[in-house]
Structure formats: structure tokens, C-alpha cells
$ cat start01.txt   # compact mmCIF, C-alpha atoms and all ligand atoms
# COMPACT_ATOMS: atom_id res chain seq x y z
CA MET A 1 -6.88 139.53 155.01
CA ALA A 2 -7.33 140.33 158.12
CA LEU A 3 -9.05 137.40 159.85
CA TYR A 4 -10.57 134.95 157.43
CA THR A 5 -9.19 131.77 159.02
CA GLN A 6 -9.05 131.07 162.76
CA LEU A 7 -6.20 128.72 163.67
CA ASP A 8 -7.67 125.91 165.78
CA ALA A 9 -5.79 124.39 168.74
CA ALA A 10 -4.52 121.40 166.75
CA ALA A 11 -3.25 123.62 163.91
CA LEU A 12 -1.53 125.95 166.37
CA GLN A 13 0.22 123.01 168.05
CA ARG A 14 1.39 121.72 164.65
CA LEU A 15 2.72 125.18 163.87
CA VAL A 16 4.78 125.61 167.04
CA ASP A 17 6.10 122.05 166.71
CA ALA A 18 7.07 122.51 163.06
CA TYR A 19 8.89 125.78 163.81
CA ALA A 20 10.26 124.70 167.23
CA LEU A 21 8.71 127.74 168.88
CA GLY A 22 8.23 126.24 172.37
CA THR A 23 5.02 126.77 174.35
CA VAL A 24 2.22 129.06 173.18
CA ARG A 25 1.51 131.97 175.53
CA GLU A 26 -0.81 134.09 173.38
CA LEU A 27 -2.30 134.18 169.88
CA THR A 28 -4.08 137.39 168.82
CA GLY A 29 -5.77 138.04 165.49
CA ILE A 30 -4.74 141.23 163.64
CA PRO A 31 -7.57 142.87 161.65
CA GLN A 32 -5.11 144.93 159.54
CA GLY A 33 -4.14 143.60 156.13
CA SER A 34 -6.23 142.65 153.15
CA ILE A 35 -6.15 139.14 151.75
CA ASN A 36 -4.40 137.05 154.44
CA SER A 37 -5.21 136.13 158.03
CA ASN A 38 -2.62 137.65 160.37
CA PHE A 39 -1.75 136.89 163.99
CA ARG A 40 0.59 138.00 166.73
CA LEU A 41 2.01 134.88 168.37
CA VAL A 42 3.85 134.93 171.68
CA THR A 43 5.60 131.74 172.76
CA SER A 44 8.29 130.75 175.25
CA ALA A 45 10.77 131.32 172.37
CA GLY A 46 9.72 134.90 171.51
CA ARG A 47 7.23 137.07 169.59
CA TYR A 48 6.22 136.35 166.01
CA PHE A 49 4.00 137.61 163.19
CA VAL A 50 2.11 134.70 161.61
CA ARG A 51 0.51 135.03 158.20
CA HIS A 52 -1.96 132.41 156.98
CA THR A 53 -2.60 132.65 153.26
CA THR A 54 -5.04 130.83 151.04
CA VAL A 55 -4.02 132.99 148.07
CA ARG A 56 -0.26 132.64 147.63
CA SER A 57 1.32 129.63 145.89
CA ALA A 58 4.45 127.78 146.98
CA ASP A 59 6.31 129.58 144.15
CA ASP A 60 5.11 132.97 145.42
CA LEU A 61 6.29 132.20 148.95
CA ASN A 62 9.66 130.85 147.78
CA PHE A 63 10.19 134.04 145.76
CA GLU A 64 9.44 136.18 148.83
CA ALA A 65 11.64 134.04 151.10
CA GLY A 66 14.61 134.18 148.72
CA LEU A 67 14.26 137.93 148.38
CA LEU A 68 14.10 138.44 152.15
CA ALA A 69 17.20 136.28 152.61
CA LEU A 70 19.09 138.54 150.19
CA LEU A 71 17.77 141.71 151.85
CA ASN A 72 18.65 140.45 155.35
CA ALA A 73 22.14 139.48 154.19
CA SER A 74 22.55 142.96 152.69
CA HIS A 75 21.44 144.60 155.98
CA PHE A 76 18.45 146.16 154.26
CA PRO A 77 15.84 146.91 156.96
CA SER A 78 13.42 144.04 156.33
CA PRO A 79 11.69 141.28 158.31
CA ARG A 80 13.42 138.04 159.27
CA LEU A 81 11.52 135.05 157.99
CA VAL A 82 11.62 132.07 160.36
CA SER A 83 12.06 128.67 158.68
CA THR A 84 10.58 125.40 159.87
CA ARG A 85 12.79 122.76 161.56
CA ASP A 86 13.11 121.21 158.08
CA GLY A 87 14.34 124.48 156.57
CA SER A 88 11.15 125.26 154.66
CA PRO A 89 10.01 128.92 154.41
CA PHE A 90 6.34 127.95 154.87
CA LEU A 91 4.10 125.23 156.29
CA GLU A 92 0.95 123.80 154.70
CA LEU A 93 -1.66 124.31 157.41
CA GLN A 94 -5.42 124.44 157.76
CA GLY A 95 -6.43 124.88 154.15
CA GLY A 96 -3.60 127.26 153.31
CA ARG A 97 0.05 128.07 153.99
CA VAL A 98 1.58 129.70 157.02
CA VAL A 99 4.63 131.97 157.02
CA VAL A 100 6.28 133.07 160.28
CA PHE A 101 8.28 136.27 160.77
CA ALA A 102 10.17 137.60 163.78
CA TRP A 103 8.05 140.35 165.38
CA LEU A 104 9.21 143.79 164.20
CA GLU A 105 9.88 146.62 166.63
CA GLY A 106 9.01 150.19 165.75
CA GLU A 107 5.83 152.07 164.94
CA GLU A 108 3.85 152.87 161.81
CA LEU A 109 3.41 156.59 161.09
CA THR A 110 0.05 158.25 160.66
CA ARG A 111 -0.51 160.58 157.72
CA GLU A 112 -0.77 163.74 159.88
CA ARG A 113 2.75 163.17 161.22
CA LEU A 114 4.51 162.89 157.86
CA THR A 115 7.25 165.41 157.07
CA PRO A 116 9.46 165.88 153.99
CA GLU A 117 12.31 164.38 156.05
CA HIS A 118 10.32 161.15 156.54
CA LEU A 119 9.69 160.97 152.81
CA GLU A 120 13.33 161.62 152.05
CA ALA A 121 14.39 158.82 154.42
CA LEU A 122 11.83 156.50 152.82
CA GLY A 123 12.99 157.46 149.32
CA VAL A 124 16.58 156.57 150.24
CA GLU A 125 15.45 153.11 151.43
CA LEU A 126 13.36 152.58 148.30
CA GLY A 127 16.33 153.42 146.10
CA LYS A 128 18.53 151.06 148.19
CA LEU A 129 15.96 148.32 147.80
CA HIS A 130 16.06 148.63 144.03
CA ARG A 131 19.85 148.55 144.01
CA VAL A 132 20.24 145.64 146.43
CA ALA A 133 17.47 143.52 144.90
CA ALA A 134 18.92 143.95 141.40
CA SER A 135 21.10 140.88 142.01
CA TYR A 136 18.12 138.67 142.99
CA LEU A 137 17.70 135.77 140.59
CA GLY A 138 14.13 134.81 141.57
CA VAL A 139 11.45 135.34 138.94
CA ARG A 140 7.88 136.56 139.53
CA ALA A 141 5.70 138.54 137.15
CA ASN A 142 3.50 141.24 138.68
CA PRO A 143 0.36 139.41 139.83
CA TYR A 144 -1.57 142.70 139.61
CA GLY A 145 -0.59 144.04 136.20
CA PRO A 146 -2.85 145.89 133.74
CA GLU A 147 -4.52 142.73 132.34
CA VAL A 148 -5.58 141.57 135.79
CA VAL A 149 -6.84 145.03 136.71
CA ARG A 150 -8.78 145.23 133.44
CA GLY A 151 -10.44 141.91 134.35
CA TRP A 152 -11.42 143.31 137.77
CA LEU A 153 -12.91 146.40 136.12
CA LYS A 154 -14.89 144.31 133.64
CA GLY A 155 -16.38 142.40 136.56
CA LEU A 156 -17.17 145.62 138.47
CA GLU A 157 -18.85 147.12 135.40
CA GLN A 158 -21.49 144.39 135.75
CA HIS A 159 -22.09 145.17 139.42
CA PRO A 160 -25.75 145.93 140.27
CA ASP A 161 -24.69 149.01 142.28
CA ALA A 162 -24.94 151.77 139.64
CA GLU A 163 -22.30 153.91 141.37
CA LEU A 164 -19.76 151.08 141.31
CA SER A 165 -20.37 150.22 137.67
CA ALA A 166 -20.02 153.91 136.70
CA ILE A 167 -16.74 154.13 138.64
CA ALA A 168 -15.50 150.98 136.87
CA ARG A 169 -16.25 152.57 133.48
CA GLU A 170 -14.39 155.73 134.50
CA LEU A 171 -11.42 153.65 135.70
CA HIS A 172 -11.29 151.84 132.36
CA GLY A 173 -10.63 155.22 130.72
CA HIS A 174 -7.89 156.07 133.22
CA LEU A 175 -6.33 152.63 132.74
CA ALA A 176 -6.17 153.09 128.97
CA ARG A 177 -4.54 156.51 129.39
CA ALA A 178 -2.06 155.12 131.93
CA GLU A 179 -1.03 152.26 129.66
CA SER A 180 -0.51 154.58 126.72
CA LEU A 181 1.95 156.60 128.84
CA CYS A 182 3.93 153.81 130.54
CA GLY A 183 6.55 153.75 127.84
CA GLY A 184 7.93 150.28 128.40
CA LEU A 185 11.53 151.47 127.95
CA GLU A 186 12.29 152.13 131.59
CA PRO A 187 14.50 149.80 133.68
CA ARG A 188 12.81 146.86 135.36
CA GLY A 189 13.84 144.99 138.46
CA VAL A 190 12.51 143.66 141.73
CA ILE A 191 9.93 145.99 143.25
CA HIS A 192 8.03 145.83 146.55
CA ALA A 193 4.82 147.08 144.89
CA ASP A 194 2.92 147.85 148.11
CA ILE A 195 4.86 150.40 150.21
CA PHE A 196 2.00 151.95 152.16
CA LEU A 197 2.17 153.62 155.58
CA ASP A 198 1.15 150.33 157.20
CA ASN A 199 4.03 148.44 155.60
CA VAL A 200 6.86 150.52 157.09
CA LYS A 201 8.07 150.58 160.72
CA TRP A 202 9.97 153.55 162.12
CA LEU A 203 12.24 154.00 165.11
CA GLY A 204 12.24 157.75 165.63
CA ASP A 205 12.89 159.30 162.23
CA ARG A 206 14.65 156.20 160.91
CA VAL A 207 13.06 153.48 158.79
CA SER A 208 13.48 150.35 160.90
CA ALA A 209 11.76 147.98 158.46
CA ILE A 210 9.96 147.83 155.17
CA PHE A 211 7.84 144.68 155.32
CA ASP A 212 4.98 142.73 153.67
CA PHE A 213 6.89 141.69 150.55
CA GLU A 214 4.13 139.36 149.40
CA MET A 215 3.41 141.49 146.32
CA ALA A 216 7.09 141.86 145.39
CA CYS A 217 7.75 140.98 141.77
CA GLN A 218 9.64 142.15 138.67
CA ASP A 219 8.27 145.27 137.04
CA ALA A 220 9.30 148.83 136.16
CA LEU A 221 11.22 150.42 139.06
CA THR A 222 9.23 153.60 138.44
CA LEU A 223 6.02 151.74 139.27
CA ASP A 224 7.34 151.25 142.82
CA VAL A 225 8.19 154.96 143.08
CA ALA A 226 4.72 155.83 141.80
CA ILE A 227 2.89 153.45 144.16
CA THR A 228 4.86 154.86 147.11
CA LEU A 229 4.21 158.43 145.98
CA ASN A 230 0.48 157.77 145.77
CA ALA A 231 0.37 156.07 149.14
CA TRP A 232 2.38 158.62 151.14
CA CYS A 233 2.10 162.00 149.41
CA PHE A 234 -1.64 162.53 148.90
CA ASP A 235 -3.76 164.00 151.67
CA SER A 236 -7.19 165.63 151.90
CA GLY A 237 -7.80 165.55 148.16
CA ARG A 238 -4.41 166.77 146.90
CA TYR A 239 -0.80 165.72 146.36
CA ARG A 240 1.48 167.51 148.82
CA PRO A 241 4.43 168.86 146.79
CA GLU A 242 6.84 168.98 149.72
CA LEU A 243 6.27 165.29 150.47
CA CYS A 244 6.51 164.28 146.79
CA GLN A 245 9.74 166.21 146.39
CA GLY A 246 11.16 164.70 149.60
CA LEU A 247 10.50 161.18 148.30
CA LEU A 248 12.09 161.84 144.90
CA ARG A 249 15.05 163.65 146.49
CA GLY A 250 15.78 160.68 148.76
CA TYR A 251 15.28 158.12 145.98
CA GLN A 252 17.69 159.91 143.70
CA VAL A 253 20.43 159.83 146.32
CA GLN A 254 20.55 156.11 145.45
CA ARG A 255 19.66 156.13 141.76
CA THR A 256 18.94 159.00 139.42
CA LEU A 257 15.74 158.61 137.39
CA LEU A 258 16.42 158.24 133.68
CA PRO A 259 14.63 160.57 131.25
CA ALA A 260 12.31 157.70 130.25
CA GLU A 261 11.41 157.16 133.91
CA ARG A 262 10.64 160.84 134.49
CA GLU A 263 8.31 160.69 131.53
CA SER A 264 6.56 157.50 132.57
CA LEU A 265 6.10 158.39 136.26
CA PHE A 266 2.67 159.82 135.49
CA GLY A 267 1.49 156.69 133.64
CA HIS A 268 2.61 154.46 136.51
CA ALA A 269 1.02 156.73 139.12
CA LEU A 270 -2.29 156.74 137.24
CA PHE A 271 -2.12 152.97 136.81
CA GLY A 272 -1.34 152.56 140.52
CA ALA A 273 -4.29 154.76 141.49
CA VAL A 274 -6.64 152.70 139.28
CA ARG A 275 -5.23 149.39 140.52
CA TYR A 276 -5.69 150.27 144.20
CA THR A 277 -9.12 151.83 143.71
CA ALA A 278 -10.23 148.56 142.11
CA SER A 279 -8.58 146.26 144.66
CA ARG A 280 -10.00 148.27 147.55
CA ILE A 281 -13.50 148.01 146.07
CA ARG A 282 -13.07 144.24 145.75
CA ASP A 283 -11.15 143.43 148.94
CA PHE A 284 -12.65 145.94 151.37
CA HIS A 285 -15.85 147.63 150.09
CA LEU A 286 -17.42 144.41 148.84
CA SER A 287 -16.04 142.21 151.63
CA GLY A 288 -18.64 140.86 154.01
CA LEU A 289 -16.26 140.97 156.99
CA PRO A 290 -16.95 143.29 159.96
CA PRO A 291 -14.32 145.94 160.94
CA ASP A 292 -13.02 143.90 163.88
CA LYS A 293 -11.95 141.26 161.35
CA LEU A 294 -10.94 143.50 158.44
CA ALA A 295 -9.83 147.08 159.16
CA PRO A 296 -11.54 149.01 156.32
CA LYS A 297 -9.63 150.97 153.65
CA ASP A 298 -11.51 153.56 151.63
CA PHE A 299 -11.44 153.15 147.83
CA ARG A 300 -12.67 156.74 147.39
CA THR A 301 -9.34 158.15 148.54
CA TYR A 302 -7.71 156.22 145.69
CA LEU A 303 -10.35 157.29 143.20
CA ALA A 304 -9.52 160.86 144.27
CA ARG A 305 -5.87 160.22 143.38
CA ALA A 306 -6.81 158.92 139.93
CA ARG A 307 -8.99 161.98 139.32
CA ALA A 308 -6.34 164.42 140.59
CA LEU A 309 -3.72 162.84 138.32
CA HIS A 310 -6.05 162.76 135.32
CA GLN A 311 -6.66 166.45 135.78
CA MET A 312 -3.03 167.55 136.28
CA GLY A 313 -1.58 165.44 133.43
CA PRO A 314 2.05 164.27 132.97
CA GLU A 315 3.62 167.72 132.96
CA GLY A 316 1.63 168.76 136.03
CA LEU A 317 2.95 165.77 137.97
CA ARG A 318 6.53 166.34 136.87
CA ALA A 319 6.36 169.96 138.00
CA LEU A 320 4.78 168.92 141.30
CA VAL A 321 7.40 166.32 142.17
CA GLY A 322 10.30 168.31 140.72
CA VAL A 323 11.71 165.90 138.09
N1 LIG B 1 6.80 141.15 161.31
C1 LIG B 1 5.86 141.97 161.84
N2 LIG B 1 6.01 142.42 163.10
C2 LIG B 1 5.09 143.21 163.67
N3 LIG B 1 3.95 143.60 163.07
C3 LIG B 1 3.74 143.20 161.81
C4 LIG B 1 4.69 142.37 161.13
N4 LIG B 1 4.21 142.14 159.88
C5 LIG B 1 3.02 142.78 159.82
N5 LIG B 1 2.72 143.41 160.97
C6 LIG B 1 1.52 144.19 161.30
O1 LIG B 1 0.37 143.57 160.72
C7 LIG B 1 -0.28 144.45 159.80
C8 LIG B 1 -0.80 143.66 158.62
O2 LIG B 1 0.29 143.03 158.01
P1 LIG B 1 0.45 142.92 156.46
O3 LIG B 1 1.69 142.15 156.19
O4 LIG B 1 0.34 144.27 155.84
O5 LIG B 1 -0.83 142.08 156.08
P2 LIG B 1 -1.37 141.56 154.68
O6 LIG B 1 -0.22 140.89 154.01
O7 LIG B 1 -2.47 140.65 155.03
O8 LIG B 1 -1.83 142.74 153.93
C9 LIG B 1 0.77 145.48 159.45
O9 LIG B 1 0.20 146.68 159.09
C10 LIG B 1 1.58 145.58 160.72
O10 LIG B 1 0.96 146.46 161.63
N1 LIG B 2 -1.89 148.27 150.61
C1 LIG B 2 -3.15 148.03 149.99
C2 LIG B 2 -3.83 146.80 150.47
C3 LIG B 2 -2.93 145.60 150.58
O1 LIG B 2 -2.89 145.30 151.93
P1 LIG B 2 -1.54 145.32 152.79
O2 LIG B 2 -2.02 145.31 154.18
O3 LIG B 2 -0.83 144.09 152.32
O4 LIG B 2 -0.77 146.56 152.50
C4 LIG B 2 -4.12 149.20 150.20
O5 LIG B 2 -3.86 150.00 151.09
O6 LIG B 2 -5.12 149.26 149.48

$ encode --input "start01.txt" --output "C-alpha cells"
Amino acid sequence: MALYTQLDAAALQRLVDAYALGTVRELTGIPQGSINSNFRLVTSAGRYFVRHTTVRSADDLNFEAGLLALLNASHFPSPRLVSTRDGSPFLELQGGRVVVFAWLEGEELTRERLTPEHLEALGVELGKLHRVAASYLGVRANPYGPEVVRGWLKGLEQHPDAELSAIARELHGHLARAESLCGGLEPRGVIHADIFLDNVKWLGDRVSAIFDFEMACQDALTLDVAITLNAWCFDSGRYRPELCQGLLRGYQVQRTLLPAERESLFGHALFGAVRYTASRIRDFHLSGLPPDKLAPKDFRTYLARARALHQMGPEGLRALVGV
């Protein structure tokens, strides 16, 4: 989310007491995001990003906290999670759990501004992330794997809106094709799984932080490359080769894709396009929240990715990205 839960005065006081954050100066809701309620909190102690979640379990949040601790210690550009006075990475509060992060400096880039150099810099950081996080001992399966997505599509197929049910049937076909091409032999490790433009801060041309690790989990490393490729390298109905190639060039400075990964990139990209089309239909299109509480994200731009991939096929994608 967005803004599903409003923190009342008593809850806010409990929060600043539990985290020893001093006196509240300002609390502002942030409509960006999808399934959590997000806030900018300014106190006498500093500026913070506060996430209230009704979706994530204690295990999920412990996995994220442990991963961020490793990334911070490795000087990977990532957010600093603030612990409570008792040393806990989250606080049970107002029907959910709150996590507090130091406020990140930097800006998020808009699509029009992207250059191959940005994608190369991002690719380098993605490759570093996979290398650094390889030593993380936490365990978390992908909460949004093919079985979950298939369940979403089954639900959407029953939707009374004929357009949505037809799209769900089409996506089922793409999902089956994607799964048949994902190989299963490629290396797995910790992945971020949600590196979109609004989850990366930049200072000039440098990545200052990759954040929002709440979807991080263990899965194929290539899935992370594919999700990032989809998010950053598609514009106005087509994949932009120079951006795709920039991303892969940067990534391979850190780790060279194995032959099995080159082959399965297409399957992961198609899966990613299906997964985000479906989640955007569920979390944004069918959400009852107004735009001031949930900044909308268009599922059609992801459907367009799935269709473009389906049409170009595995060899087409490999030629496009240059691997
Ligand atoms: N630590 C942070 N500092 C500053 N801004 C942040 C921070 N974390 C998130 N944001 C801002 O809030 C927006 C939504 O956060 P995000 O973590 O993506 O939400 P959600 O987990 O609900 O999807 C981001 O796009 C970013 O602009
Ligand atoms: N990145 C996803 C939605 C998940 O929300 P986020 O704010 O956590 O990135 C999308 O763009 O569909």
C-alpha cells in the first residue's frame, strides 16, 4: 500500500517511544507503494520512512532485516533499518507491524531520463547484490512464484469484467510457456525481486540506494535480472535495446551469465511480465482506493511486455539484449 492504515495519535506515540525517536514534528502519508501503508516521519531525532504492514509475517520481516544488516555491513547501497530500543527489527502496532528506516537521500529517475549508462550502473549494483547476498543464511521462498500467480489468474478468470477474464486466460497461456522455458538448472540465491524505478535512489549518475527489500527471497538469479530488465528497459510499447544491453553489460562486470541463464532469461522475463500484470490488476486496478491514497500503476504496460516477449521469442530476446 499506499495508505490503508492511518496511524492514530496513541499508536504514533507508542512508535516514537519504542524506537526512542524523540518528539514528533511531522507525519505525512505516502501514496506510492502497493500493499503497505507508508509514511514520512520527522522527529527531533531525524527523518524516517515508516512502513506499516498487515501482510508481512514476523519471519518475513526478520529475513529482510538480516539481509539489510549484511548489505549495510558490506557497504552495498541499501537502507538502514532502525531497531527498537529492545533491538527488535519491527514493532507490533495498530493491527499490523511497523518497520522504520532512516530516510534515504537521492532521487528516483523517470523513464524519459534513462540512459544506457544508468542501466549499466544499475546492472553493476544488481550483480554486486547477488554476489554479496550469496553468503546470507536466511531462508525465504519466493512468495510470488508460479503457483501463487496461477491462483491469482484462476481467480481473475472468474471476474465478471469480460476483458479481465479474457486477459487472465491469455496470461495462463504465457505462464505455461514461461514455465516450460525456465530450465531450473540456473544458479539460485538471494534476489531483490522488485527493482523498479521507484525502488532505486540516485545521486547524480550514481546509485545511492536500492531499497524496498520486502519481496527479497531465494530464487533464480536470472529472475532478478529479468524483472529489472522488464521494469527499466521497456518504453512506449517496445524493449529499448540500448538500455537492455547496458543492464546486461553492467551485470556481467560482476558475474557472467552461464549458458543456462542466457537460455532461461526469456522464460523468467515472460513469467515476470505475467506476474506483474496480474498483481497490478489485483493491487491497483481492482483496488477501491483513490489516487491520493494509492498512486495508480497501469497493468496494461505489463501486459504489453508479455505480448512483446511472446511475439519475439527466446532467440529474439537474446539478440535484443546481446547475450
Ligand atoms: N527509506 C526511504 N527513504 C525515503 N523514501 C523512501 C524510503 N523508502 C521508500 N521511500 C519512498 O516511498 C515509496 C514507496 O515505498 P516502497 O518501499 O516502494 O513501498 P511499498 O513497500 O509499499 O511498495 C518509494 O517509491 C520511495 O519514493
Ligand atoms: N513494483 C510493483 C509493485 C510493488 O510495489 P512497490 O512499490 O513495492 O515496488 C509494480 O510496479 O507493479

$ closest_atom_pairs --input "start01.txt" --of "range 25-98 of chain A" --to "range 6-16 of chain A" --cutoff "10 Å" --atoms "all atoms listed in the file" --output "tab-separated table"
residue	atom	partner	partner_atom	distance
A:Leu27	CA	A:Leu12	CA	9.0
A:Gly29	CA	A:Gln6	CA	8.2
A:Ser37	CA	A:Gln6	CA	7.9
A:Asn38	CA	A:Gln6	CA	9.5
A:Phe39	CA	A:Leu7	CA	9.3
A:Leu41	CA	A:Val16	CA	9.8
A:Thr43	CA	A:Val16	CA	8.4
A:Ala45	CA	A:Val16	CA	9.8
A:Val50	CA	A:Leu15	CA	9.8
A:His52	CA	A:Leu7	CA	8.7
A:Thr84	CA	A:Leu15	CA	8.8
A:Leu91	CA	A:Leu15	CA	7.7
A:Glu92	CA	A:Leu15	CA	9.4
A:Leu93	CA	A:Ala11	CA	6.7
A:Gln94	CA	A:Ala11	CA	6.6
A:Val98	CA	A:Leu15	CA	8.3

$ residues_near_ligand --input "start01.txt" --ligand "ligand LIG 2 (chain B)" --cutoff "7 Å" --atoms "all atoms listed in the file" --output "MDAnalysis selection string"
chainID A and resid 32:35 194 196 198:199 212 276 279:280 297

$ residues_near_point --input "start01.txt" --point "(4.7, 166.8, 155.7)" --cutoff "7 Å" --atoms "only C-alpha atoms" --output "list in words"
Arg113, Leu114, Thr115, Pro116, Glu242 and Leu243 of chain A

$ closest_residue --input "start01.txt" --among "A:Tyr19, A:Tyr251, A:Phe284, A:Tyr136" --to "ligand LIG 1 (chain B)" --atoms "only C-alpha atoms and all ligand atoms"
A:Phe284

$ closest_residue --input "start01.txt" --among "A:Lys293, A:His130, A:Arg140, A:Arg85" --to "ligand LIG 1 (chain B)" --atoms "all atoms listed in the file"
A:Lys293

$ closest_residue --input "start01.txt" --among "A:Gly189, A:Gly246, A:Pro79, A:Gly288" --to "His118 in chain A" --atoms "only C-alpha atoms"
A:Gly246

$ residues_near_point --input "start01.txt" --point "(14.7, 161.6, 148.5)" --cutoff "7 Å" --atoms "all atoms listed in the file" --output "PyMOL selection string"
chain A and resi 119-121+123-124+246-253

$ residues_around --input "start01.txt" --residues "Ala65 in chain A" --least-positions-apart "3" --cutoff "10 Å" --atoms "only C-alpha atoms" --output "PyMOL selection string"
chain A and resi 59-62+68-71+80-83+88-90+99+138+213-214

$ residues_around --input "start01.txt" --residues "Ser208 in chain A" --least-positions-apart "4" --cutoff "12 Å" --atoms "all atoms listed in the file" --output "PDB file with C-alpha atoms, in the coordinates of the input"
ATOM      1  CA  HIS A  75      21.440 144.600 155.980  1.00  0.00           C
ATOM      2  CA  PHE A  76      18.450 146.160 154.260  1.00  0.00           C
ATOM      3  CA  PRO A  77      15.840 146.910 156.960  1.00  0.00           C
ATOM      4  CA  SER A  78      13.420 144.040 156.330  1.00  0.00           C
ATOM      5  CA  PRO A  79      11.690 141.280 158.310  1.00  0.00           C
ATOM      6  CA  LEU A 104       9.210 143.790 164.200  1.00  0.00           C
ATOM      7  CA  GLU A 105       9.880 146.620 166.630  1.00  0.00           C
ATOM      8  CA  GLY A 106       9.010 150.190 165.750  1.00  0.00           C
ATOM      9  CA  GLU A 107       5.830 152.070 164.940  1.00  0.00           C
ATOM     10  CA  GLU A 108       3.850 152.870 161.810  1.00  0.00           C
ATOM     11  CA  LEU A 109       3.410 156.590 161.090  1.00  0.00           C
ATOM     12  CA  ALA A 121      14.390 158.820 154.420  1.00  0.00           C
ATOM     13  CA  LEU A 122      11.830 156.500 152.820  1.00  0.00           C
ATOM     14  CA  GLU A 125      15.450 153.110 151.430  1.00  0.00           C
ATOM     15  CA  ASN A 199       4.030 148.440 155.600  1.00  0.00           C
ATOM     16  CA  VAL A 200       6.860 150.520 157.090  1.00  0.00           C
ATOM     17  CA  LYS A 201       8.070 150.580 160.720  1.00  0.00           C
ATOM     18  CA  TRP A 202       9.970 153.550 162.120  1.00  0.00           C
ATOM     19  CA  LEU A 203      12.240 154.000 165.110  1.00  0.00           C
ATOM     20  CA  GLY A 204      12.240 157.750 165.630  1.00  0.00           C
TER      21      GLY A 204
END

$ closest_residue --input "start01.txt" --among "A:His285, A:Arg300, A:Arg25, A:Arg318" --to "Asp161 in chain A" --atoms "only C-alpha atoms"
A:His285

$ build_atoms --input "start01.txt" --residues "range 188-199 of chain A" --atoms "N, CA and C atoms" --output "PDB file, keeping the file's coordinate frame"
ATOM      1  N   ARG A 188      13.642 147.719 134.521  1.00  0.00           N
ATOM      2  CA  ARG A 188      12.810 146.860 135.360  1.00  0.00           C
ATOM      3  C   ARG A 188      13.697 146.191 136.397  1.00  0.00           C
ATOM      4  N   GLY A 189      13.084 145.689 137.417  1.00  0.00           N
ATOM      5  CA  GLY A 189      13.840 144.990 138.460  1.00  0.00           C
ATOM      6  C   GLY A 189      12.869 144.507 139.505  1.00  0.00           C
ATOM      7  N   VAL A 190      13.400 144.122 140.653  1.00  0.00           N
ATOM      8  CA  VAL A 190      12.510 143.660 141.730  1.00  0.00           C
ATOM      9  C   VAL A 190      11.927 144.886 142.426  1.00  0.00           C
ATOM     10  N   ILE A 191      10.608 144.893 142.551  1.00  0.00           N
ATOM     11  CA  ILE A 191       9.930 145.990 143.250  1.00  0.00           C
ATOM     12  C   ILE A 191       9.110 145.422 144.412  1.00  0.00           C
ATOM     13  N   HIS A 192       8.861 146.246 145.408  1.00  0.00           N
ATOM     14  CA  HIS A 192       8.030 145.830 146.550  1.00  0.00           C
ATOM     15  C   HIS A 192       6.558 145.847 146.149  1.00  0.00           C
ATOM     16  N   ALA A 193       6.155 146.923 145.477  1.00  0.00           N
ATOM     17  CA  ALA A 193       4.820 147.080 144.890  1.00  0.00           C
ATOM     18  C   ALA A 193       3.694 147.353 145.875  1.00  0.00           C
ATOM     19  N   ASP A 194       4.018 147.600 147.153  1.00  0.00           N
ATOM     20  CA  ASP A 194       2.920 147.850 148.110  1.00  0.00           C
ATOM     21  C   ASP A 194       3.443 148.639 149.321  1.00  0.00           C
ATOM     22  N   ILE A 195       4.290 149.662 149.074  1.00  0.00           N
ATOM     23  CA  ILE A 195       4.860 150.400 150.210  1.00  0.00           C
ATOM     24  C   ILE A 195       3.870 151.478 150.674  1.00  0.00           C
ATOM     25  N   PHE A 196       2.992 151.063 151.550  1.00  0.00           N
ATOM     26  CA  PHE A 196       2.000 151.950 152.160  1.00  0.00           C
ATOM     27  C   PHE A 196       2.456 152.286 153.585  1.00  0.00           C
ATOM     28  N   LEU A 197       1.760 153.229 154.220  1.00  0.00           N
ATOM     29  CA  LEU A 197       2.170 153.620 155.580  1.00  0.00           C
ATOM     30  C   LEU A 197       2.151 152.424 156.531  1.00  0.00           C
ATOM     31  N   ASP A 198       1.251 151.464 156.275  1.00  0.00           N
ATOM     32  CA  ASP A 198       1.150 150.330 157.200  1.00  0.00           C
ATOM     33  C   ASP A 198       2.080 149.188 156.821  1.00  0.00           C
ATOM     34  N   ASN A 199       3.023 149.452 155.915  1.00  0.00           N
ATOM     35  CA  ASN A 199       4.030 148.440 155.600  1.00  0.00           C
ATOM     36  C   ASN A 199       5.446 148.940 155.880  1.00  0.00           C
TER      37      ASN A 199
END
